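**Student:** Provided below: model-v6.cif, containing mmCIF, C-alpha atoms.
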data_data
#
loop_
_atom_site.label_atom_id
_atom_site.label_comp_id
_atom_site.auth_asym_id
_atom_site.auth_seq_id
_atom_site.Cartn_x
_atom_site.Cartn_y
_atom_site.Cartn_z
CA MET A 167 14.64 214.24 26.37
CA LYS A 168 11.25 213.45 27.87
CA ASN A 169 10.06 210.01 28.86
CA GLU A 170 6.53 208.73 28.61
CA GLY A 171 4.88 205.74 30.27
CA VAL A 172 3.85 202.48 28.67
CA THR A 173 0.81 202.69 26.41
CA SER A 174 -1.94 200.13 25.88
CA LYS A 175 -1.10 196.73 24.41
CA THR A 176 -1.27 195.91 20.69
CA LYS A 177 -1.59 192.40 19.28
CA THR A 178 1.14 192.77 16.61
CA ILE A 179 3.71 195.54 16.09
CA VAL A 180 5.70 195.67 12.85
CA VAL A 181 8.93 197.68 12.84
CA GLY A 182 9.95 198.95 9.40
CA ALA A 183 7.65 200.33 6.69
CA GLY A 184 9.56 199.28 3.60
CA LEU A 185 8.57 196.55 1.16
CA THR A 186 8.40 193.81 3.79
CA GLY A 187 6.47 195.89 6.30
CA ALA A 188 4.01 197.11 3.66
CA ALA A 189 3.47 193.57 2.36
CA ILE A 190 2.71 192.43 5.91
CA ALA A 191 0.22 195.29 6.33
CA MET A 192 -1.40 194.20 3.05
CA VAL A 193 -2.11 190.66 4.30
CA LYS A 194 -2.54 191.57 8.00
CA PRO A 195 -4.23 194.99 7.88
CA PHE A 196 -4.67 195.38 11.65
CA VAL A 197 -0.99 195.44 12.59
CA SER A 198 0.62 198.60 13.99
CA LEU A 199 3.58 199.85 11.93
CA TYR A 200 6.51 201.92 13.22
CA ASP A 201 9.30 203.30 11.06
CA LYS A 202 12.28 205.58 11.70
CA ALA A 203 12.12 207.52 8.40
CA HIS A 204 9.88 210.52 7.78
CA LYS A 205 7.80 208.54 5.28
CA PRO A 206 7.27 204.87 4.32
CA GLY A 207 9.28 203.19 1.57
CA GLY A 208 12.57 201.99 2.98
CA ARG A 209 15.00 201.13 0.20
CA VAL A 210 12.23 201.37 -2.40
CA SER A 211 12.53 205.08 -3.00
CA THR A 212 11.29 207.39 -5.75
CA LYS A 213 12.72 210.91 -5.93
CA THR A 214 11.97 213.97 -8.04
CA SER A 215 14.55 215.88 -10.06
CA ARG A 216 15.14 219.38 -8.72
CA LEU A 217 15.81 220.52 -12.26
CA THR A 218 13.08 218.95 -14.38
CA GLY A 219 10.57 217.58 -11.88
CA GLU A 220 10.92 214.09 -13.40
CA ARG A 221 10.62 211.01 -11.22
CA PHE A 222 13.47 208.57 -10.76
CA ASP A 223 13.95 205.41 -8.68
CA ILE A 224 17.12 205.12 -6.60
CA GLY A 225 16.61 201.56 -5.33
CA ALA A 226 14.74 198.92 -7.29
CA THR A 227 13.77 200.22 -10.74
CA MET A 228 11.52 197.36 -11.91
CA PHE A 229 10.09 194.03 -10.79
CA ARG A 230 9.04 190.68 -12.22
CA ASP A 231 5.52 189.31 -11.92
CA HIS A 232 6.40 185.67 -11.26
CA LEU A 233 7.60 183.81 -8.18
CA GLU A 234 8.12 180.16 -7.25
CA VAL A 235 8.21 178.55 -3.81
CA ASP A 236 9.91 175.20 -3.14
CA TRP A 237 8.41 173.64 0.00
CA MET A 238 7.75 170.08 1.13
CA GLY A 239 9.14 168.78 -2.15
CA LYS A 240 6.66 170.76 -4.24
CA ILE A 241 7.14 173.80 -6.50
CA SER A 242 4.29 176.32 -6.32
CA SER A 243 3.95 179.30 -8.66
CA TYR A 244 2.62 182.72 -7.71
CA ASN A 245 1.87 185.91 -9.62
CA VAL A 246 2.46 189.27 -7.95
CA PHE A 247 -0.41 190.94 -9.82
CA LYS A 248 -2.83 188.22 -8.66
CA ILE A 249 -1.61 188.61 -5.08
CA TRP A 250 -2.26 192.35 -5.26
CA LYS A 251 -5.69 191.84 -6.81
CA THR A 252 -6.63 189.28 -4.15
CA ASN A 253 -5.78 191.84 -1.48
CA GLY A 254 -7.56 194.76 -3.16
CA ILE A 255 -4.37 196.55 -4.22
CA LYS A 256 -4.59 198.62 -7.40
CA LEU A 257 -1.46 199.69 -9.26
CA GLU A 258 -1.11 201.05 -12.77
CA THR A 259 1.99 199.51 -14.33
CA LYS A 260 3.75 199.18 -17.66
CA PRO A 261 6.13 196.55 -19.02
CA ILE A 262 9.76 197.55 -19.37
CA TYR A 263 12.84 195.79 -20.72
CA ASP A 264 10.85 192.66 -21.63
CA SER A 265 7.39 191.14 -21.18
CA GLU A 266 8.21 189.87 -17.67
CA ASN A 267 9.43 193.10 -16.05
CA PHE A 268 7.21 195.97 -14.93
CA TYR A 269 7.23 199.31 -13.18
CA PRO A 270 4.44 201.47 -11.68
CA LEU A 271 3.66 204.74 -13.44
CA LEU A 272 3.95 206.69 -10.18
CA GLY A 273 7.34 205.25 -9.23
CA MET A 274 8.49 202.18 -7.33
CA GLU A 275 7.79 203.85 -4.00
CA SER A 276 4.09 203.88 -4.90
CA ILE A 277 4.08 200.08 -4.50
CA VAL A 278 4.71 200.50 -0.77
CA GLU A 279 2.05 203.21 -0.53
CA SER A 280 -0.46 201.01 -2.36
CA MET A 281 0.21 197.92 -0.24
CA LEU A 282 -0.24 199.94 2.94
CA ASN A 283 -3.74 200.50 1.56
CA GLY A 284 -4.57 203.32 3.96
CA ASN A 285 -3.12 201.50 6.97
CA PRO A 286 -1.58 204.28 9.11
CA THR A 287 2.13 204.20 9.92
CA ASN A 288 3.94 205.80 12.83
CA GLN A 289 6.90 207.59 11.25
CA SER A 290 10.05 209.13 12.76
CA MET A 291 10.03 206.40 15.42
CA THR A 292 13.35 204.61 16.06
CA LEU A 293 13.24 201.36 18.01
CA LYS A 294 15.91 201.50 20.72
CA SER A 295 15.37 198.34 22.78
CA ILE A 296 13.05 195.42 23.55
CA SER A 297 12.26 193.83 26.90
CA ARG A 298 9.88 191.14 28.07
CA SER A 299 7.60 191.38 31.07
CA GLY A 300 6.77 188.48 33.37
CA ASP A 301 3.53 187.73 31.53
CA GLY A 302 5.39 187.25 28.23
CA ILE A 303 4.40 190.59 26.72
CA TRP A 304 7.06 192.43 24.71
CA ASN A 305 7.78 196.09 25.58
CA LEU A 306 9.22 198.12 22.71
CA SER A 307 11.01 201.35 23.57
CA PHE A 308 11.02 203.90 20.72
CA HIS A 309 12.56 207.34 20.38
CA SER A 310 10.06 209.73 18.79
CA HIS A 311 12.05 212.22 16.71
CA LEU A 312 9.05 214.50 16.27
CA GLU A 313 8.33 214.74 20.01
CA ASN A 314 11.91 214.16 21.22
CA GLN A 315 10.81 211.67 23.83
CA THR A 316 10.81 207.97 24.60
CA LYS A 317 7.61 206.02 24.01
CA VAL A 318 7.02 202.43 25.07
CA PHE A 319 4.48 200.17 23.37
CA MET A 320 3.42 196.64 24.34
CA ALA A 321 2.67 193.77 21.97
CA ASP A 322 2.01 190.05 22.04
CA HIS A 323 3.88 189.59 18.77
CA VAL A 324 6.72 191.63 17.26
CA ILE A 325 7.80 191.55 13.60
CA LEU A 326 11.14 193.21 12.80
CA THR A 327 11.85 193.94 9.12
CA LEU A 328 15.07 195.95 9.45
CA PRO A 329 18.54 195.21 8.04
CA ILE A 330 20.33 192.73 10.31
CA PRO A 331 22.99 195.20 11.59
CA GLN A 332 20.21 197.47 12.85
CA MET A 333 18.32 194.56 14.44
CA VAL A 334 21.48 193.30 16.16
CA ASP A 335 22.16 196.80 17.54
CA ILE A 336 18.65 196.84 19.02
CA LEU A 337 19.11 193.39 20.56
CA ASN A 338 22.48 194.39 22.03
CA ARG A 339 20.94 197.50 23.64
CA SER A 340 18.12 195.46 25.15
CA GLU A 341 17.91 193.79 28.55
CA LYS A 342 19.59 190.40 28.71
CA ASN A 343 17.12 187.80 27.51
CA SER A 344 17.69 184.23 26.32
CA ASP A 345 15.18 184.58 23.46
CA LEU A 346 16.95 187.69 22.15
CA ASP A 347 20.30 185.91 22.50
CA ARG A 348 18.98 183.05 20.37
CA TRP A 349 17.95 185.48 17.64
CA THR A 350 21.31 187.25 17.73
CA LYS A 351 23.13 183.96 17.23
CA PHE A 352 20.74 182.82 14.49
CA LEU A 353 21.21 186.03 12.46
CA GLU A 354 25.03 185.90 12.41
CA PRO A 355 25.49 183.89 9.16
CA TYR A 356 23.21 186.26 7.22
CA ASN A 357 24.73 189.53 8.46
CA ASP A 358 26.52 190.33 5.20
CA TYR A 359 25.43 193.32 3.12
CA ARG A 360 26.82 195.10 0.10
CA LYS A 361 27.06 198.86 -0.09
CA THR A 362 25.77 200.61 -3.21
CA LEU A 363 26.55 204.09 -4.48
CA VAL A 364 24.06 205.83 -6.75
CA SER A 365 24.25 208.81 -9.10
CA PHE A 366 21.42 210.56 -10.90
CA PHE A 367 22.09 212.82 -13.89
CA SER A 368 19.71 215.00 -15.88
CA TRP A 369 20.03 217.13 -19.00
CA LYS A 370 17.60 219.85 -20.08
CA ASN A 371 18.49 219.87 -23.77
CA TRP A 372 20.24 216.61 -24.57
CA SER A 373 19.15 213.00 -24.92
CA PRO A 374 21.17 209.95 -26.00
CA ASN A 375 20.88 208.11 -29.29
CA LEU A 376 19.93 204.84 -27.64
CA SER A 377 19.58 202.88 -30.88
CA ALA A 378 23.22 203.65 -31.66
CA HIS A 379 24.10 201.98 -28.36
CA GLY A 380 22.23 198.79 -29.18
CA PHE A 381 18.88 199.45 -27.52
CA ASN A 382 16.09 197.70 -29.42
CA ASN A 383 12.50 198.79 -28.82
CA SER A 384 11.01 197.01 -31.81
CA ASP A 385 8.57 194.97 -29.70
CA GLY A 386 6.90 198.08 -28.35
CA ILE A 387 8.36 197.51 -24.87
CA PRO A 388 10.95 200.17 -24.04
CA VAL A 389 14.42 198.91 -23.21
CA SER A 390 16.15 201.42 -20.99
CA THR A 391 18.63 199.54 -18.81
CA ILE A 392 22.12 198.08 -19.01
CA LEU A 393 23.52 195.59 -16.47
CA ASN A 394 27.23 194.80 -16.59
CA ARG A 395 27.99 192.87 -13.42
CA GLY A 396 31.33 193.79 -11.91
CA ASP A 397 31.87 196.93 -14.00
CA ASP A 398 32.20 200.13 -11.97
CA TRP A 399 29.08 201.50 -13.68
CA GLU A 400 27.28 198.24 -13.02
CA TYR A 401 23.63 199.18 -13.61
CA GLN A 402 22.37 202.07 -15.74
CA SER A 403 18.74 203.04 -16.25
CA TRP A 404 17.47 205.85 -18.48
CA GLU A 405 14.68 206.99 -16.19
CA HIS A 406 13.17 209.53 -18.61
CA ILE A 407 11.95 206.59 -20.70
CA LYS A 408 10.02 205.26 -17.70
CA TYR A 409 8.80 208.66 -16.56
CA PRO A 410 8.71 210.99 -19.59
CA ASN A 411 8.43 214.72 -19.03
CA SER A 412 5.51 216.07 -21.06
CA ASN A 413 7.00 219.57 -20.98
CA SER A 414 10.39 218.69 -22.44
CA ASN A 415 9.43 218.20 -26.11
CA GLY A 416 11.64 215.12 -26.13
CA LYS A 417 14.81 217.11 -25.45
CA SER A 418 15.48 216.29 -21.81
CA SER A 419 16.84 213.04 -20.41
CA SER A 420 17.85 211.49 -17.10
CA LEU A 421 20.11 208.59 -16.16
CA LEU A 422 20.38 206.63 -12.93
CA VAL A 423 23.58 204.69 -12.22
CA GLN A 424 24.13 202.11 -9.48
CA PHE A 425 27.81 201.34 -9.01
CA SER A 426 29.47 198.00 -8.33
CA SER A 427 30.10 196.55 -4.89
CA LEU A 428 33.87 197.10 -5.10
CA PHE A 429 33.53 200.67 -6.37
CA SER A 430 30.90 201.43 -3.72
CA GLU A 431 32.99 199.99 -0.90
CA THR A 432 36.04 201.96 -2.04
CA HIS A 433 34.36 205.36 -2.39
CA PHE A 434 31.53 205.10 0.14
CA GLU A 435 32.71 207.53 2.81
CA THR A 436 33.63 210.43 0.49
CA TRP A 437 30.90 209.99 -2.13
CA MET A 438 28.85 213.12 -1.41
CA ASP A 439 28.39 216.15 0.79
CA SER A 440 25.37 216.97 2.95
CA ASP A 441 23.52 218.30 -0.13
CA LYS A 442 24.06 215.02 -2.02
CA GLN A 443 26.61 216.70 -4.27
CA PRO A 444 29.94 215.21 -5.39
CA ASN A 445 33.23 216.95 -4.69
CA ALA A 446 35.43 218.15 -7.56
CA PHE A 447 37.17 214.77 -7.91
CA TYR A 448 33.97 212.76 -8.24
CA LYS A 449 32.30 215.38 -10.42
CA GLU A 450 35.14 215.13 -12.94
CA LEU A 451 35.13 211.32 -12.70
CA LEU A 452 31.38 211.16 -13.38
CA ILE A 453 31.42 213.66 -16.24
CA GLU A 454 34.26 211.76 -17.92
CA GLY A 455 32.37 208.50 -17.49
CA LEU A 456 29.25 209.94 -19.12
CA LYS A 457 31.28 211.25 -22.04
CA GLU A 458 33.06 207.92 -22.52
CA LYS A 459 29.96 205.73 -22.28
CA TRP A 460 27.28 207.89 -23.90
CA LEU A 461 29.08 210.77 -25.66
CA ALA A 462 27.15 212.94 -23.23
CA PRO A 463 27.86 216.59 -22.43
CA PRO A 464 28.23 217.58 -18.78
CA PRO A 465 24.84 217.09 -17.11
CA ASP A 466 22.80 219.99 -15.81
CA GLU A 467 22.16 218.12 -12.58
CA ILE A 468 24.11 215.59 -10.52
CA TRP A 469 22.62 214.03 -7.39
CA ASN A 470 24.42 211.35 -5.40
CA HIS A 471 23.14 208.84 -2.86
CA ARG A 472 24.52 205.90 -0.91
CA TRP A 473 22.91 202.77 0.52
CA LYS A 474 24.83 201.31 3.47
CA PHE A 475 22.73 198.13 3.57
CA ALA A 476 21.74 197.97 -0.07
CA GLN A 477 21.43 194.24 -0.49
CA SER A 478 21.78 191.12 1.61
CA GLN A 479 24.47 188.83 0.21
CA MET A 480 23.35 185.51 1.75
CA PRO A 481 19.53 185.38 2.01
CA LEU A 482 18.16 182.43 3.96
CA LEU A 483 15.73 181.45 1.18
CA GLY A 484 18.25 182.07 -1.63
CA ARG A 485 19.03 184.98 -3.95
CA GLU A 486 17.63 183.63 -7.22
CA GLY A 487 15.09 181.06 -8.35
CA ALA A 488 12.43 179.55 -6.11
CA LEU A 489 12.21 180.46 -2.43
CA LYS A 490 13.76 177.39 -0.80
CA LEU A 491 11.89 176.44 2.37
CA ASP A 492 13.01 172.81 2.68
CA SER A 493 16.03 173.52 4.85
CA ASP A 494 17.12 173.12 8.45
CA GLU A 495 17.65 176.88 8.61
CA PHE A 496 14.04 177.61 7.67
CA SER A 497 12.81 175.05 10.22
CA GLU A 498 14.94 176.70 12.91
CA TRP A 499 13.57 180.12 11.91
CA ARG A 500 9.99 178.82 12.26
CA GLU A 501 10.74 177.40 15.70
CA LEU A 502 12.34 180.65 16.85
CA CYS A 503 9.35 182.70 15.68
CA LYS A 504 6.92 180.41 17.46
CA SER A 505 8.81 180.10 20.75
CA THR A 506 9.93 183.74 21.14
CA GLY A 507 6.95 185.74 19.88
CA ILE A 508 9.33 187.63 17.60
CA THR A 509 9.43 187.23 13.82
CA MET A 510 12.39 188.60 11.87
CA LEU A 511 12.02 189.20 8.14
CA GLY A 512 13.47 191.32 5.35
CA ASP A 513 15.66 190.93 2.30
CA TRP A 514 18.15 188.89 4.40
CA PHE A 515 15.38 186.28 4.50
CA PHE A 516 13.63 186.49 1.11
CA GLY A 517 16.32 188.07 -1.06
CA SER A 518 16.27 191.63 -2.36
CA LYS A 519 13.86 191.37 -5.29
CA LEU A 520 10.38 192.79 -4.88
CA GLU A 521 8.56 189.73 -6.15
CA ARG A 522 10.40 187.51 -3.64
CA ILE A 523 9.39 189.75 -0.74
CA VAL A 524 5.75 190.33 -1.75
CA GLY A 525 5.22 186.71 -2.78
CA GLY A 526 7.11 185.40 0.23
CA VAL A 527 5.07 187.39 2.74
CA TYR A 528 1.85 186.29 1.02
CA PHE A 529 2.96 182.63 1.12
CA LEU A 530 3.94 182.74 4.80
CA ASN A 531 0.65 184.35 5.78
CA HIS A 532 -1.43 182.01 3.60
CA ASN A 533 0.20 179.00 5.27
CA GLY A 534 -0.13 180.28 8.83
CA LEU A 535 3.59 180.99 9.18
CA LEU A 536 3.42 184.75 9.78
#
Kindly present the structure from the file in C-alpha cells form.

**Tutor:**
Amino acid sequence: MKNEGVTSKTKTIVVGAGLTGAAIAMVKPFVSLYDKAHKPGGRVSTKTSRLTGERFDIGATMFRDHLEVDWMGKISSYNVFKIWKTNGIKLETKPIYDSENFYPLLGMESIVESMLNGNPTNQSMTLKSISRSGDGIWNLSFHSHLENQTKVFMADHVILTLPIPQMVDILNRSEKNSDLDRWTKFLEPYNDYRKTLVSFFSWKNWSPNLSAHGFNNSDGIPVSTILNRGDDWEYQSWEHIKYPNSNSNGKSSSLLVQFSSLFSETHFETWMDSDKQPNAFYKELLIEGLKEKWLAPPPDEIWNHRWKFAQSQMPLLGREGALKLDSDEFSEWRELCKSTGITMLGDWFFGSKLERIVGGVYFLNHNGLL
C-alpha cells in the first residue's frame, strides 16, 4: 500500500455522508466530506429490484415534517419542509400513512443527494486515525480504497458522524491524546445499538388484497405499512404502493420487512450469503411467513440485508418527542466540541428519525453550536 504526504489544510472536514453529514453540508456548504462507502447515503438507502426495476427503501421508509426542540425552558417548533426551502433544497414528496408522514418520489436516499446540493463528496475513503500537531491542527489519516494508499488531510475543525463503535475504533487507533480520551469516555453511555435484519420480496403476477387485511385508503392517502413492536416481523411496508411500476398493469407487488431486535440479534450472522440470498432454512422460513401473514405465494425475488448499527438505543437528546437540550450531558457535549475542535454527531445524538437529524443540525447551526 502506498503512502502519500499531508495535503493542504481545510477549515472543516466532515466524516460520513449519511443523513447527518448531508444535513451539515446543507447548512455549511463549504465543508469537505469524506465517506467510506462508494456513494453517499449511509443508512438511508434506496435499492432497485433486480426483477422488476422497482425502487424500495431498506432503512427509513418515511419521515414526519414536524420537530420540536426543548432548550432553555422553551419549546420551539420546526418544519422540515421549511428548513429545506430556506436552504434551497427541492424535493418532490407525497404523503403516506397519514397527513403527517411523507416520502420522496425518488426514494429516501434522494433526500441525502438533495441536501448535498451539488457539494462534492470524497467516497471510498475510510478514516483510520486522528492526530494533533503542535499548532492545534488535526491530521486525519484516510485509506483510499480506489487508490489503495494512505492520504492525510489537515483541518481546524473535525465533525464525525459515524456510529459510535466506528468512532471509538478510530480513536483507539489514534495517537494518545487527552482530548481524544475525553471523547472516548464521553461516548461510552451511548454506545448501544440494535441490529436489524431486512428482507425484500417481489412478485411479478401477484398482489395482496390489502383491504381484506384492514388497510384503509379512504382519505386518499395510501396506507402501506404495519408496525407490530416486538413481533418477529416487526415492520412491513408494501413498497409498490410508494413506487408503483407503470409496466406491471397492477399485477406486481413488493414487500419490505424489517425484523425485531431479538430476531435480528439471533439470526444476524447466518442471515444471508455474499449475494444477499437466504440459505434453504431462511428461505423456507420466509416463504411460510408470507403465506401465513398475507396468503402470498412464494415470491419471485428474495433479497436480504443486515444493519449492524441500525439504530442507537440511548440517544443523548432522546428517542421521541422534543430534542431535549436542557441537560448536563448536552452542556458537557458543547464544552467538549469547543475545547477539542472535534464535534461528534449522528443518530446516537439526535435519535434515528430523519426529522430529528435534519431539524437538529439546522437548530445547532442556527444557534452557533455547530

**Student:** To verify the selection step, state as a ChimeraX atom specification which residues the PyMOL selection byres ((chain A and resi 223) around 6) yields on this input.

**Tutor:** /A:211-212,222,224-225,227

**Student:** Restricting the calculation to all atoms listed in the file, which member of A:Asp513, A:Asp201, A:Asp301, A:Glu495 is positioned closest to Phe352 in chain A?

**Tutor:**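 Looking at the shortest contact to Phe352 in chain A, the residue is A:Glu495.
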
**Student:** For a quick check of understanding, using only C-alpha atoms, which of A:Tyr200, A:Phe268, A:Phe434, A:Tyr409 has the smallest distance to Asn288 in chain A?

**Tutor:**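 Counting only C-alpha atoms, the residue closest to Asn288 in chain A is A:Tyr200.
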
**Student:** Carefully work through the PyMOL selection byres ((chain A and resi 515-530) around 6) for this structure and note down the residues it includes, as a ChimeraX atom specification.

**Tutor:** /A:189,481-483,485,511-514,531-533,535-536

**Student:** Take the residues from that selection and write them out as a PDB file, keeping the file's coordinate frame, keeping C-alpha atoms.

**Tutor:**
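So result18.pdb came out as:
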ATOM      1  CA  ALA A 189       3.470 193.570   2.360  1.00  0.00           C
ATOM      2  CA  PRO A 481      19.530 185.380   2.010  1.00  0.00           C
ATOM      3  CA  LEU A 482      18.160 182.430   3.960  1.00  0.00           C
ATOM      4  CA  LEU A 483      15.730 181.450   1.180  1.00  0.00           C
ATOM      5  CA  ARG A 485      19.030 184.980  -3.950  1.00  0.00           C
ATOM      6  CA  LEU A 511      12.020 189.200   8.140  1.00  0.00           C
ATOM      7  CA  GLY A 512      13.470 191.320   5.350  1.00  0.00           C
ATOM      8  CA  ASP A 513      15.660 190.930   2.300  1.00  0.00           C
ATOM      9  CA  TRP A 514      18.150 188.890   4.400  1.00  0.00           C
ATOM     10  CA  ASN A 531       0.650 184.350   5.780  1.00  0.00           C
ATOM     11  CA  HIS A 532      -1.430 182.010   3.600  1.00  0.00           C
ATOM     12  CA  ASN A 533       0.200 179.000   5.270  1.00  0.00           C
ATOM     13  CA  LEU A 535       3.590 180.990   9.180  1.00  0.00           C
ATOM     14  CA  LEU A 536       3.420 184.750   9.780  1.00  0.00           C
TER      15      LEU A 536
END

**Student:** To test your reading of the syntax: which residues would the PyMOL selection byres ((chain A and resi 208) around 10) return for the file shown? Reply as a PyMOL selection string.

**Tutor:** chain A and resi 182-188+201-203+205-207+209-211+225+275+278+328

**Student:** Can I get the selected residues back with C-alpha atoms, as a short mmCIF file (atom, residue, chain, number, x, y, z; two decimals), in the frame of the given file?

**Tutor:**
data_model
loop_
_atom_site.label_atom_id
_atom_site.label_comp_id
_atom_site.auth_asym_id
_atom_site.auth_seq_id
_atom_site.Cartn_x
_atom_site.Cartn_y
_atom_site.Cartn_z
CA GLY A 182 9.95 198.95 9.40
CA ALA A 183 7.65 200.33 6.69
CA GLY A 184 9.56 199.28 3.60
CA LEU A 185 8.57 196.55 1.16
CA THR A 186 8.40 193.81 3.79
CA GLY A 187 6.47 195.89 6.30
CA ALA A 188 4.01 197.11 3.66
CA ASP A 201 9.30 203.30 11.06
CA LYS A 202 12.28 205.58 11.70
CA ALA A 203 12.12 207.52 8.40
CA LYS A 205 7.80 208.54 5.28
CA PRO A 206 7.27 204.87 4.32
CA GLY A 207 9.28 203.19 1.57
CA ARG A 209 15.00 201.13 0.20
CA VAL A 210 12.23 201.37 -2.40
CA SER A 211 12.53 205.08 -3.00
CA GLY A 225 16.61 201.56 -5.33
CA GLU A 275 7.79 203.85 -4.00
CA VAL A 278 4.71 200.50 -0.77
CA LEU A 328 15.07 195.95 9.45
#

**Student:** CA of Arg216 in chain A and CA of Thr259 in chain A are how many Å apart?

**Tutor:**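 CA of Thr259 in chain A lies 24.5 Å from CA of Arg216 in chain A.
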